[in-house]
file input_24.cif (mmCIF, C-alpha atoms and all ligand atoms)
data_query
#
loop_
_atom_site.label_atom_id
_atom_site.label_comp_id
_atom_site.auth_asym_id
_atom_site.auth_seq_id
_atom_site.Cartn_x
_atom_site.Cartn_y
_atom_site.Cartn_z
CA MET H 27 -102.73 -12.09 -65.47
CA LYS H 28 -101.67 -9.22 -67.64
CA LEU H 29 -98.81 -8.53 -65.27
CA LEU H 30 -97.74 -12.18 -65.39
CA LYS H 31 -97.75 -12.10 -69.15
CA THR H 32 -95.67 -8.94 -69.17
CA LEU H 33 -93.24 -10.48 -66.71
CA ALA H 34 -92.95 -13.66 -68.74
CA GLY H 35 -92.43 -11.57 -71.84
CA ALA H 36 -89.70 -9.57 -70.17
CA LEU H 37 -88.00 -12.75 -68.97
CA LEU H 38 -88.10 -14.25 -72.44
CA ALA H 39 -86.75 -11.06 -73.93
CA SER H 40 -83.86 -10.90 -71.48
CA ALA H 41 -83.10 -14.61 -72.09
CA ALA H 42 -82.99 -13.88 -75.81
CA LEU H 43 -80.69 -10.96 -75.17
CA ALA H 44 -78.41 -13.06 -73.01
CA THR H 45 -78.19 -15.67 -75.77
CA ALA H 46 -77.44 -12.98 -78.31
CA ALA H 47 -74.80 -11.48 -76.03
CA SER H 48 -73.14 -14.80 -75.36
CA ALA H 49 -73.07 -15.51 -79.09
CA CYS H 50 -70.50 -12.73 -79.45
CA GLU H 51 -67.08 -14.31 -79.58
CA ILE H 52 -65.45 -10.92 -79.46
CA THR H 53 -66.91 -7.90 -77.70
CA LEU H 54 -65.12 -4.66 -78.41
CA LYS H 55 -65.30 -2.20 -75.56
CA SER H 56 -65.76 1.35 -76.83
CA SER H 57 -65.40 4.65 -74.99
CA ASP H 58 -67.08 8.02 -75.50
CA THR H 59 -67.25 11.04 -73.24
CA HIS H 60 -70.67 12.05 -74.56
CA PRO H 61 -74.07 10.91 -73.29
CA ASP H 62 -76.27 8.30 -74.88
CA GLY H 63 -78.03 9.66 -77.95
CA TYR H 64 -75.16 11.99 -78.89
CA PRO H 65 -74.26 11.57 -82.61
CA THR H 66 -70.82 10.06 -81.98
CA VAL H 67 -72.26 7.53 -79.51
CA GLU H 68 -75.01 6.60 -81.95
CA ALA H 69 -72.51 6.28 -84.80
CA VAL H 70 -70.39 3.74 -82.91
CA LYS H 71 -73.52 1.84 -81.88
CA HIS H 72 -74.49 1.74 -85.55
CA MET H 73 -71.04 0.44 -86.41
CA GLY H 74 -71.60 -2.31 -83.84
CA THR H 75 -74.94 -3.28 -85.38
CA LEU H 76 -73.34 -3.52 -88.81
CA LEU H 77 -70.44 -5.59 -87.49
CA GLU H 78 -72.75 -7.96 -85.68
CA GLU H 79 -74.87 -8.44 -88.78
CA ARG H 80 -71.91 -8.93 -91.04
CA THR H 81 -70.12 -11.44 -88.77
CA ASN H 82 -73.28 -13.40 -87.90
CA GLY H 83 -73.14 -12.11 -84.37
CA ARG H 84 -69.51 -13.06 -83.78
CA ILE H 85 -68.18 -9.52 -83.24
CA CYS H 86 -70.08 -7.05 -81.08
CA VAL H 87 -69.40 -3.55 -79.84
CA GLU H 88 -70.33 -2.33 -76.39
CA VAL H 89 -70.38 1.46 -76.13
CA PHE H 90 -69.59 2.95 -72.73
CA HIS H 91 -70.89 6.50 -73.08
CA SER H 92 -70.90 9.43 -70.63
CA ALA H 93 -67.18 9.04 -69.79
CA GLN H 94 -67.91 5.81 -67.90
CA LEU H 95 -64.40 4.64 -68.75
CA GLY H 96 -62.77 7.96 -67.86
CA GLN H 97 -61.82 11.32 -69.30
CA GLU H 98 -60.44 11.41 -72.84
CA LYS H 99 -56.74 11.76 -72.05
CA ASP H 100 -56.84 8.75 -69.70
CA THR H 101 -58.94 6.64 -72.06
CA ILE H 102 -56.44 7.35 -74.84
CA GLU H 103 -53.73 5.82 -72.67
CA GLN H 104 -55.89 2.84 -71.75
CA THR H 105 -56.62 2.26 -75.41
CA LYS H 106 -52.93 2.02 -76.14
CA PHE H 107 -52.67 -0.77 -73.57
CA GLY H 108 -55.70 -2.59 -74.95
CA VAL H 109 -57.81 -2.08 -71.81
CA ILE H 110 -60.22 -0.22 -74.09
CA ASP H 111 -60.58 -1.54 -77.65
CA LEU H 112 -62.28 1.34 -79.43
CA ASN H 113 -62.22 5.02 -78.56
CA ARG H 114 -64.03 7.99 -80.04
CA VAL H 115 -62.23 11.19 -79.10
CA SER H 116 -61.48 14.66 -80.36
CA MET H 117 -58.14 14.94 -82.14
CA GLY H 118 -57.16 17.70 -79.72
CA PRO H 119 -56.07 15.39 -76.87
CA PHE H 120 -54.05 13.40 -79.41
CA ASN H 121 -51.94 16.41 -80.41
CA ASN H 122 -49.07 15.77 -78.05
CA LEU H 123 -48.95 12.09 -79.05
CA VAL H 124 -49.54 12.00 -82.80
CA GLU H 125 -47.92 15.03 -84.41
CA GLU H 126 -50.03 14.89 -87.56
CA THR H 127 -53.24 15.55 -85.60
CA LYS H 128 -51.92 19.02 -84.83
CA VAL H 129 -52.66 20.36 -88.29
CA VAL H 130 -56.41 19.75 -87.98
CA SER H 131 -56.39 21.37 -84.54
CA LEU H 132 -55.03 24.68 -85.81
CA PRO H 133 -57.41 27.63 -85.49
CA TYR H 134 -59.18 28.56 -88.74
CA ILE H 135 -57.37 25.86 -90.75
CA PHE H 136 -60.65 24.79 -92.38
CA LYS H 137 -62.90 27.14 -94.32
CA GLY H 138 -65.98 25.38 -92.99
CA ALA H 139 -67.48 21.94 -92.35
CA ASP H 140 -67.68 21.08 -96.05
CA HIS H 141 -64.01 21.90 -96.54
CA MET H 142 -63.14 19.79 -93.49
CA HIS H 143 -65.11 16.85 -94.95
CA ARG H 144 -63.36 17.14 -98.33
CA VAL H 145 -59.94 17.20 -96.64
CA MET H 146 -60.64 14.33 -94.22
CA ASP H 147 -62.31 12.20 -96.92
CA GLY H 148 -59.29 12.65 -99.20
CA PRO H 149 -55.57 11.80 -99.18
CA VAL H 150 -54.73 14.14 -96.27
CA GLY H 151 -57.29 12.31 -94.12
CA GLN H 152 -55.83 8.97 -95.18
CA ASP H 153 -52.33 10.09 -94.19
CA ILE H 154 -53.54 11.30 -90.80
CA LEU H 155 -55.40 8.03 -90.15
CA ALA H 156 -52.26 6.08 -91.00
CA ALA H 157 -50.17 8.27 -88.67
CA PHE H 158 -51.82 6.72 -85.59
CA GLU H 159 -50.40 3.25 -86.18
CA PRO H 160 -46.79 3.70 -85.05
CA HIS H 161 -48.16 5.05 -81.75
CA GLY H 162 -50.21 1.97 -80.90
CA TYR H 163 -53.57 2.94 -82.46
CA VAL H 164 -55.37 2.09 -85.66
CA GLY H 165 -57.20 5.10 -87.10
CA LEU H 166 -60.60 3.91 -88.35
CA ALA H 167 -62.76 6.92 -89.21
CA PHE H 168 -63.29 10.63 -88.71
CA PHE H 169 -66.44 12.08 -87.22
CA ASP H 170 -67.71 15.66 -86.99
CA GLY H 171 -66.78 17.98 -84.17
CA GLY H 172 -68.61 21.05 -85.49
CA SER H 173 -67.26 24.57 -85.10
CA ARG H 174 -66.07 25.53 -81.64
CA SER H 175 -66.88 28.98 -80.27
CA PHE H 176 -66.32 30.78 -76.98
CA TYR H 177 -68.80 30.90 -74.13
CA ASN H 178 -68.53 32.41 -70.69
CA LYS H 179 -70.51 33.61 -67.72
CA VAL H 180 -69.10 37.14 -67.40
CA LYS H 181 -70.05 39.17 -70.45
CA PRO H 182 -70.79 38.92 -74.15
CA ILE H 183 -67.54 38.62 -76.14
CA LYS H 184 -67.90 40.97 -79.08
CA SER H 185 -64.24 41.45 -79.96
CA ILE H 186 -60.81 40.12 -78.99
CA ASP H 187 -60.53 42.85 -76.35
CA ASP H 188 -63.34 41.24 -74.38
CA LEU H 189 -61.23 38.09 -73.97
CA GLU H 190 -58.42 40.00 -72.26
CA GLY H 191 -57.55 38.26 -68.97
CA MET H 192 -60.48 35.87 -69.13
CA LYS H 193 -59.89 32.37 -67.75
CA VAL H 194 -60.93 29.98 -70.47
CA ARG H 195 -60.83 26.19 -70.34
CA VAL H 196 -59.30 24.46 -73.35
CA MET H 197 -58.71 20.83 -74.29
CA GLN H 198 -55.37 19.45 -73.12
CA SER H 199 -53.10 20.40 -76.01
CA ASP H 200 -50.35 23.04 -76.27
CA ILE H 201 -51.90 24.44 -79.44
CA PHE H 202 -55.02 25.55 -77.59
CA VAL H 203 -53.02 27.03 -74.72
CA ASP H 204 -51.04 29.12 -77.21
CA MET H 205 -54.22 30.01 -79.08
CA MET H 206 -55.68 31.53 -75.91
CA SER H 207 -52.47 33.40 -75.08
CA ALA H 208 -52.47 34.85 -78.59
CA LEU H 209 -55.98 36.15 -77.88
CA GLY H 210 -54.92 37.70 -74.57
CA ALA H 211 -56.79 35.21 -72.39
CA ASN H 212 -55.57 32.77 -69.73
CA ALA H 213 -55.86 29.21 -70.90
CA THR H 214 -56.80 26.54 -68.39
CA PRO H 215 -56.38 23.06 -69.85
CA MET H 216 -58.59 20.57 -68.02
CA PRO H 217 -60.69 17.47 -68.70
CA TYR H 218 -64.13 18.04 -70.18
CA GLY H 219 -65.85 16.49 -67.18
CA GLU H 220 -64.54 19.19 -64.84
CA VAL H 221 -65.71 22.17 -66.86
CA TYR H 222 -69.26 22.51 -65.53
CA SER H 223 -68.31 22.75 -61.86
CA SER H 224 -65.24 24.87 -62.65
CA ILE H 225 -67.43 27.49 -64.33
CA GLN H 226 -69.96 27.25 -61.55
CA THR H 227 -67.38 27.84 -58.83
CA GLY H 228 -65.51 30.52 -60.78
CA VAL H 229 -62.28 28.56 -61.27
CA ILE H 230 -62.74 29.52 -64.92
CA ASP H 231 -64.93 32.10 -66.65
CA GLY H 232 -65.83 29.97 -69.61
CA ALA H 233 -64.76 27.50 -72.25
CA GLU H 234 -65.28 26.81 -75.92
CA ASN H 235 -67.15 24.15 -77.82
CA ASN H 236 -69.69 23.33 -80.53
CA TRP H 237 -73.49 23.61 -80.15
CA PRO H 238 -74.14 19.94 -79.27
CA SER H 239 -71.44 19.79 -76.58
CA TYR H 240 -72.36 23.21 -75.15
CA GLU H 241 -75.90 21.92 -74.82
CA SER H 242 -75.45 18.27 -73.78
CA SER H 243 -72.86 19.10 -71.12
CA GLY H 244 -75.23 21.66 -69.62
CA HIS H 245 -72.49 24.31 -69.79
CA TYR H 246 -75.05 26.76 -71.20
CA GLU H 247 -76.78 26.68 -67.81
CA VAL H 248 -73.73 28.19 -66.12
CA ALA H 249 -72.18 30.20 -68.99
CA GLY H 250 -74.91 32.03 -70.84
CA TYR H 251 -72.97 34.10 -73.41
CA TYR H 252 -72.05 32.26 -76.61
CA THR H 253 -70.06 34.05 -79.32
CA LEU H 254 -70.06 32.53 -82.79
CA ASP H 255 -66.41 33.20 -83.64
CA GLU H 256 -65.93 29.58 -84.81
CA HIS H 257 -62.18 29.55 -84.16
CA LEU H 258 -61.76 25.78 -84.39
CA ILE H 259 -63.13 22.94 -86.45
CA VAL H 260 -61.45 19.92 -84.90
CA PRO H 261 -62.55 16.63 -86.44
CA GLU H 262 -63.01 13.68 -84.14
CA VAL H 263 -61.49 10.26 -84.62
CA LEU H 264 -62.46 6.68 -83.91
CA VAL H 265 -59.37 4.66 -83.10
CA MET H 266 -58.81 1.06 -82.17
CA SER H 267 -56.11 -0.26 -79.91
CA LYS H 268 -53.35 -1.78 -82.04
CA LEU H 269 -53.10 -4.59 -79.44
CA SER H 270 -56.79 -5.45 -79.88
CA TRP H 271 -56.51 -5.05 -83.64
CA ASP H 272 -53.62 -7.50 -83.89
CA LYS H 273 -55.73 -10.17 -82.21
CA LEU H 274 -58.22 -10.11 -85.12
CA SER H 275 -57.93 -12.10 -88.34
CA GLU H 276 -57.37 -10.05 -91.47
CA GLU H 277 -60.95 -10.71 -92.51
CA ASP H 278 -62.27 -9.40 -89.20
CA GLN H 279 -59.99 -6.37 -89.40
CA ASN H 280 -61.49 -5.55 -92.77
CA ALA H 281 -64.98 -5.96 -91.36
CA VAL H 282 -64.18 -3.56 -88.50
CA ARG H 283 -62.67 -0.99 -90.84
CA GLN H 284 -65.61 -1.19 -93.22
CA ALA H 285 -68.24 -0.93 -90.48
CA ALA H 286 -66.46 2.13 -89.05
CA LYS H 287 -66.41 3.70 -92.50
CA ASP H 288 -70.10 2.95 -93.00
CA SER H 289 -70.98 4.68 -89.74
CA VAL H 290 -69.74 8.03 -91.05
CA PRO H 291 -72.78 9.00 -93.18
CA VAL H 292 -75.06 8.12 -90.25
CA MET H 293 -72.93 10.28 -88.00
CA ARG H 294 -73.01 13.24 -90.40
CA GLU H 295 -76.77 13.14 -90.76
CA GLN H 296 -77.30 12.95 -87.02
CA TRP H 297 -74.75 15.69 -86.46
CA GLN H 298 -76.61 18.15 -88.66
CA GLN H 299 -79.88 17.49 -86.86
CA ARG H 300 -78.28 17.70 -83.44
CA GLU H 301 -76.52 20.99 -84.20
CA LYS H 302 -79.89 22.57 -84.98
CA ALA H 303 -81.70 20.96 -82.07
CA SER H 304 -78.98 21.98 -79.59
CA GLU H 305 -78.92 25.55 -80.86
CA GLU H 306 -82.71 25.78 -80.51
CA LYS H 307 -82.60 24.34 -77.03
CA VAL H 308 -79.98 26.72 -75.66
CA ARG H 309 -81.56 29.74 -77.36
CA ALA H 310 -84.90 28.79 -75.85
CA ALA H 311 -83.19 28.57 -72.46
CA GLY H 312 -82.24 32.24 -72.79
CA VAL H 313 -78.59 32.06 -73.84
CA GLU H 314 -77.37 35.29 -75.43
CA VAL H 315 -75.85 34.37 -78.78
CA ILE H 316 -73.47 36.91 -80.31
CA THR H 317 -73.52 36.39 -84.06
CA GLU H 318 -72.21 39.78 -85.20
CA ILE H 319 -68.52 39.16 -84.78
CA ASP H 320 -65.65 40.23 -86.98
CA LYS H 321 -63.50 37.09 -87.31
CA GLU H 322 -60.61 38.86 -89.08
CA PRO H 323 -58.77 40.01 -85.92
CA PHE H 324 -59.17 36.53 -84.42
CA MET H 325 -57.66 34.96 -87.53
CA ALA H 326 -54.83 37.50 -87.69
CA ALA H 327 -53.88 36.77 -84.07
CA MET H 328 -53.26 33.11 -84.93
CA ASP H 329 -50.08 33.68 -86.96
CA SER H 330 -47.94 33.11 -83.87
CA VAL H 331 -49.68 29.76 -83.20
CA TYR H 332 -48.88 28.57 -86.72
CA GLU H 333 -45.28 29.80 -86.42
CA LYS H 334 -44.75 27.95 -83.18
CA HIS H 335 -46.45 24.67 -84.07
CA VAL H 336 -46.03 24.19 -87.80
CA THR H 337 -42.28 23.73 -87.81
CA SER H 338 -41.48 20.32 -89.30
CA ASP H 339 -41.55 19.74 -93.05
CA LYS H 340 -44.17 17.07 -92.48
CA LEU H 341 -46.59 19.49 -90.87
CA LYS H 342 -45.81 22.30 -93.31
CA ASP H 343 -46.65 19.95 -96.14
CA LEU H 344 -49.93 18.87 -94.55
CA VAL H 345 -50.97 22.48 -93.93
CA ALA H 346 -50.16 23.37 -97.55
CA ARG H 347 -52.18 20.41 -98.81
CA ILE H 348 -55.18 21.35 -96.65
CA ARG H 349 -55.03 24.90 -97.95
CA ALA H 350 -54.76 23.66 -101.53
CA THR H 351 -57.90 21.54 -101.13
CA ASP H 352 -60.89 23.38 -102.65
C1 LIG J 401 -66.30 17.88 -77.67
C2 LIG J 401 -65.68 16.63 -78.26
C3 LIG J 401 -65.19 15.75 -77.16
C4 LIG J 401 -64.28 16.50 -76.21
C5 LIG J 401 -64.86 17.82 -75.79
C6 LIG J 401 -63.88 18.67 -75.02
O1 LIG J 401 -66.74 18.71 -78.70
O2 LIG J 401 -66.66 15.92 -78.98
O3 LIG J 401 -64.56 14.64 -77.74
O4 LIG J 401 -63.05 16.66 -76.78
O5 LIG J 401 -65.32 18.56 -76.90
O6 LIG J 401 -63.93 19.89 -75.16
O7 LIG J 401 -63.07 18.13 -74.27
#
call {"tool": "encode", "arguments": {"input": "input_24.cif", "output": "C-alpha cells"}}
result
Amino acid sequence: MKLLKTLAGALLASAALATAASACEITLKSSDTHPDGYPTVEAVKHMGTLLEERTNGRICVEVFHSAQLGQEKDTIEQTKFGVIDLNRVSMGPFNNLVEETKVVSLPYIFKGADHMHRVMDGPVGQDILAAFEPHGYVGLAFFDGGSRSFYNKVKPIKSIDDLEGMKVRVMQSDIFVDMMSALGANATPMPYGEVYSSIQTGVIDGAENNWPSYESSGHYEVAGYYTLDEHLIVPEVLVMSKLSWDKLSEEDQNAVRQAAKDSVPVMREQWQQREKASEEKVRAAGVEVITEIDKEPFMAAMDSVYEKHVTSDKLKDLVARIRATD
C-alpha cells in the first residue's frame, strides 16, 4: 500500500512537472562545462528560477552541465549560430574572437578578487560586456573564476626555474601560450575535458586552474603538487546568442538581462564557499600545496606578454583603466 502511494505520488509529481515544463513558451538551452552543483551551474539555474517566476512560467532555462553540449570552444561557436542560447564560459576561449576579453586574461592584471569585482562591476566591465555584441553574442553577466595557479605531477614548483621545460596545458588562447613560453615552459593548449587523461598518460605534466576546478575535475588525483602563484584571475562570462536574443520582445530581453544580473550575488556567495570546500578536500586528499612562493619573478616575466598582446589603443586604454581602478 505504502509503495502504491509512493508510486502514485511520484506519478502526480511528474505530471505536475510535465505541465510546468510545457507551460514554458520559451526554453533557453544553457551550456556549462562544470558539473552539477558547481557555483556557475547553480547561478544559471538560479537565473532560470527568477526568469520563470517573473514571466509567470513563460521563459525557462535548461542548464546542460558537465560539458554535455561540448567543450567550451565548440559551444562558443554553437552559441553564435543559436544552437545553444546561453553559455557560461571563461573569457579565455573568447580571446581570439572578442579582442576586449584579452585584457582580463592578462597575467597579474588584477590585484586580487576584490579588485576584479570592482573593475567588472564598473564601466570597464560594461564596455567589455558590450564588446560581445558585434560578434554575435550578448554579454549578460560576469561570474568568478578565482585565481589560477599551477599544478603538476612531477615536482613541487617553488620558483620559475622549476617550470623549465615542463609541459603545461593552458586554455586555448595565444595569451596563455605566450605566458608559458615567457616562464620557460611548453604550453599545450587543449580542451578542459582532455586534461585529466593527458596528465594521467603523461602527454602533459600539469595544468593550471583555481581550487574549485582543480578539485571538481579530479585533476588533483593525478597532479598532486599545487603552487599558489596565482598568475591569472580570469573572470567568466554568461553570454546569450544574439540570434536567440533577437527573437525575444524587448520586455523579455530586459527580464533576461535582469535575471542574469541578479544571479551574480548568488554566484559570488557560492564561489567563496566552494573555494574553501575544494581547498579542504584536496588538502585532505594529500595534495602538496606550495604557499611560500615569490611572485615577483613571475610578474616580471610577463612584460613580454603585455608587449605582444596589448598593442591597439583600445586595449592600452582598457589596461590603463583597470590599473587606475582602486
Ligand atoms: C575553469 C573555468 C572553465 C574552463 C576551465 C578551463 O576554471 O571555469 O570555464 O575555462 O577553467 O581551464 O578550461
call {"tool": "closest_residue", "arguments": {"input": "input_24.cif", "among": "H:Gln104, H:Ser207, H:Thr317, H:Ser116", "to": "ligand LIG 401 (chain J)", "atoms": "all atoms listed in the file"}}
result
H:Ser116
call {"tool": "closest_atom_pairs", "arguments": {"input": "input_24.cif", "of": "chain H", "to": "ligand LIG 401 (chain J)", "cutoff": "8 Å", "atoms": "all atoms listed in the file", "output": "tab-separated table"}}
result
residue	atom	partner	partner_atom	distance
H:Asp58	CA	J:LIG401	O3	7.4
H:Thr59	CA	J:LIG401	O3	6.4
H:His60	CA	J:LIG401	C3	7.1
H:Thr66	CA	J:LIG401	O2	7.8
H:Glu98	CA	J:LIG401	O4	7.1
H:Arg114	CA	J:LIG401	O3	7.1
H:Val115	CA	J:LIG401	O3	4.4
H:Ser116	CA	J:LIG401	O3	4.0
H:Met117	CA	J:LIG401	O4	7.5
H:Gly118	CA	J:LIG401	O4	6.7
H:Pro119	CA	J:LIG401	O4	7.1
H:Gly171	CA	J:LIG401	O1	5.5
H:Gly172	CA	J:LIG401	O1	7.4
H:Arg174	CA	J:LIG401	O1	7.5
H:Val196	CA	J:LIG401	O6	6.8
H:Met197	CA	J:LIG401	O7	5.1
H:Gln198	CA	J:LIG401	O7	7.9
H:Pro217	CA	J:LIG401	O7	6.1
H:Tyr218	CA	J:LIG401	O7	4.2
H:Gly219	CA	J:LIG401	O7	7.8
H:Glu234	CA	J:LIG401	O6	7.1
H:Asn235	CA	J:LIG401	O1	5.5
H:Asn236	CA	J:LIG401	O1	5.8
H:Pro238	CA	J:LIG401	O1	7.5
H:Ser239	CA	J:LIG401	O1	5.3
H:Glu262	CA	J:LIG401	O3	6.7
call {"tool": "residues_around", "arguments": {"input": "input_24.cif", "residues": "range 61-64 of chain H", "least_positions_apart": "4", "cutoff": "8 Å", "atoms": "only C-alpha atoms", "output": "list in words"}}
result
Glu68, His91, Ser92, Ala93, Ser242 and Arg300 of chain H
call {"tool": "atom_distance", "arguments": {"input": "input_24.cif", "atom1": "CA of Ile186 in chain H", "atom2": "CA of Asp329 in chain H"}}
result
14.8 Å
call {"tool": "atom_distance", "arguments": {"input": "input_24.cif", "atom1": "CA of Glu125 in chain H", "atom2": "CA of Asp200 in chain H"}}
result
11.7 Å
call {"tool": "closest_residue", "arguments": {"input": "input_24.cif", "among": "H:Pro182, H:Gly244, H:Gly162, H:Gly191", "to": "Phe107 in chain H", "atoms": "all atoms listed in the file"}}
result
H:Gly162
call {"tool": "residues_around", "arguments": {"input": "input_24.cif", "residues": "Ser289 in chain H", "least_positions_apart": "2", "cutoff": "6 Å", "atoms": "only C-alpha atoms", "output": "PyMOL selection string"}}
result
chain H and resi 69+73+286-287+291-292
call {"tool": "closest_residue", "arguments": {"input": "input_24.cif", "among": "H:Pro65, H:Val331, H:Asp153, H:Ala350", "to": "Glu295 in chain H", "atoms": "all atoms listed in the file"}}
result
H:Pro65
call {"tool": "residues_around", "arguments": {"input": "input_24.cif", "residues": "Arg349 in chain H", "least_positions_apart": "4", "cutoff": "12 Å", "atoms": "all atoms listed in the file", "output": "PDB file with C-alpha atoms, in the coordinates of the input"}}
result
ATOM      1  CA  VAL H 129     -52.660  20.360 -88.290  1.00  0.00           C
ATOM      2  CA  VAL H 130     -56.410  19.750 -87.980  1.00  0.00           C
ATOM      3  CA  TYR H 134     -59.180  28.560 -88.740  1.00  0.00           C
ATOM      4  CA  ILE H 135     -57.370  25.860 -90.750  1.00  0.00           C
ATOM      5  CA  PHE H 136     -60.650  24.790 -92.380  1.00  0.00           C
ATOM      6  CA  LYS H 137     -62.900  27.140 -94.320  1.00  0.00           C
ATOM      7  CA  HIS H 141     -64.010  21.900 -96.540  1.00  0.00           C
ATOM      8  CA  MET H 142     -63.140  19.790 -93.490  1.00  0.00           C
ATOM      9  CA  ARG H 144     -63.360  17.140 -98.330  1.00  0.00           C
ATOM     10  CA  VAL H 145     -59.940  17.200 -96.640  1.00  0.00           C
ATOM     11  CA  VAL H 150     -54.730  14.140 -96.270  1.00  0.00           C
ATOM     12  CA  LYS H 342     -45.810  22.300 -93.310  1.00  0.00           C
ATOM     13  CA  ASP H 343     -46.650  19.950 -96.140  1.00  0.00           C
ATOM     14  CA  LEU H 344     -49.930  18.870 -94.550  1.00  0.00           C
ATOM     15  CA  VAL H 345     -50.970  22.480 -93.930  1.00  0.00           C
TER      16      VAL H 345
END
call {"tool": "closest_residue", "arguments": {"input": "input_24.cif", "among": "H:Ile201, H:Ala208, H:Val263, H:Ala139", "to": "Ser57 in chain H", "atoms": "all atoms listed in the file"}}
result
H:Val263
call {"tool": "atom_distance", "arguments": {"input": "input_24.cif", "atom1": "CA of Leu155 in chain H", "atom2": "CA of Gln97 in chain H"}}
result
22.1 Å
call {"tool": "residues_around", "arguments": {"input": "input_24.cif", "residues": "Ile154 in chain H", "least_positions_apart": "4", "cutoff": "9 Å", "atoms": "all atoms listed in the file", "output": "PyMOL selection string"}}
result
chain H and resi 124+126-127+146+149-150+158+165
call {"tool": "closest_residue", "arguments": {"input": "input_24.cif", "among": "H:Trp271, H:Phe169, H:Tyr240, H:Tyr246", "to": "Ile259 in chain H", "atoms": "only C-alpha atoms"}}
result
H:Phe169
call {"tool": "closest_residue", "arguments": {"input": "input_24.cif", "among": "H:Pro133, H:Gly232, H:Pro215, H:Pro160", "to": "Tyr177 in chain H", "atoms": "only C-alpha atoms"}}
result
H:Gly232
call {"tool": "residues_near_point", "arguments": {"input": "input_24.cif", "point": "(-74.5, -14.1, -85.9)", "cutoff": "12 Å", "atoms": "only C-alpha atoms", "output": "MDAnalysis selection string"}}
result
chainID H and resid 45:52 75:86
call {"tool": "residues_around", "arguments": {"input": "input_24.cif", "residues": "Ser270 in chain H", "least_positions_apart": "3", "cutoff": "6 Å", "atoms": "all atoms listed in the file", "output": "list in words"}}
result
Gly108, Asp111, Ser267 and Lys273 of chain H
call {"tool": "write_last_selection", "arguments": {"input": "input_24.cif", "atoms": "C-alpha atoms", "output": "CSV table (one decimal), in the frame of the given file"}}
result
chain,number,residue,atom,x,y,z
H,108,GLY,CA,-55.7,-2.6,-75.0
H,111,ASP,CA,-60.6,-1.5,-77.6
H,267,SER,CA,-56.1,-0.3,-79.9
H,273,LYS,CA,-55.7,-10.2,-82.2
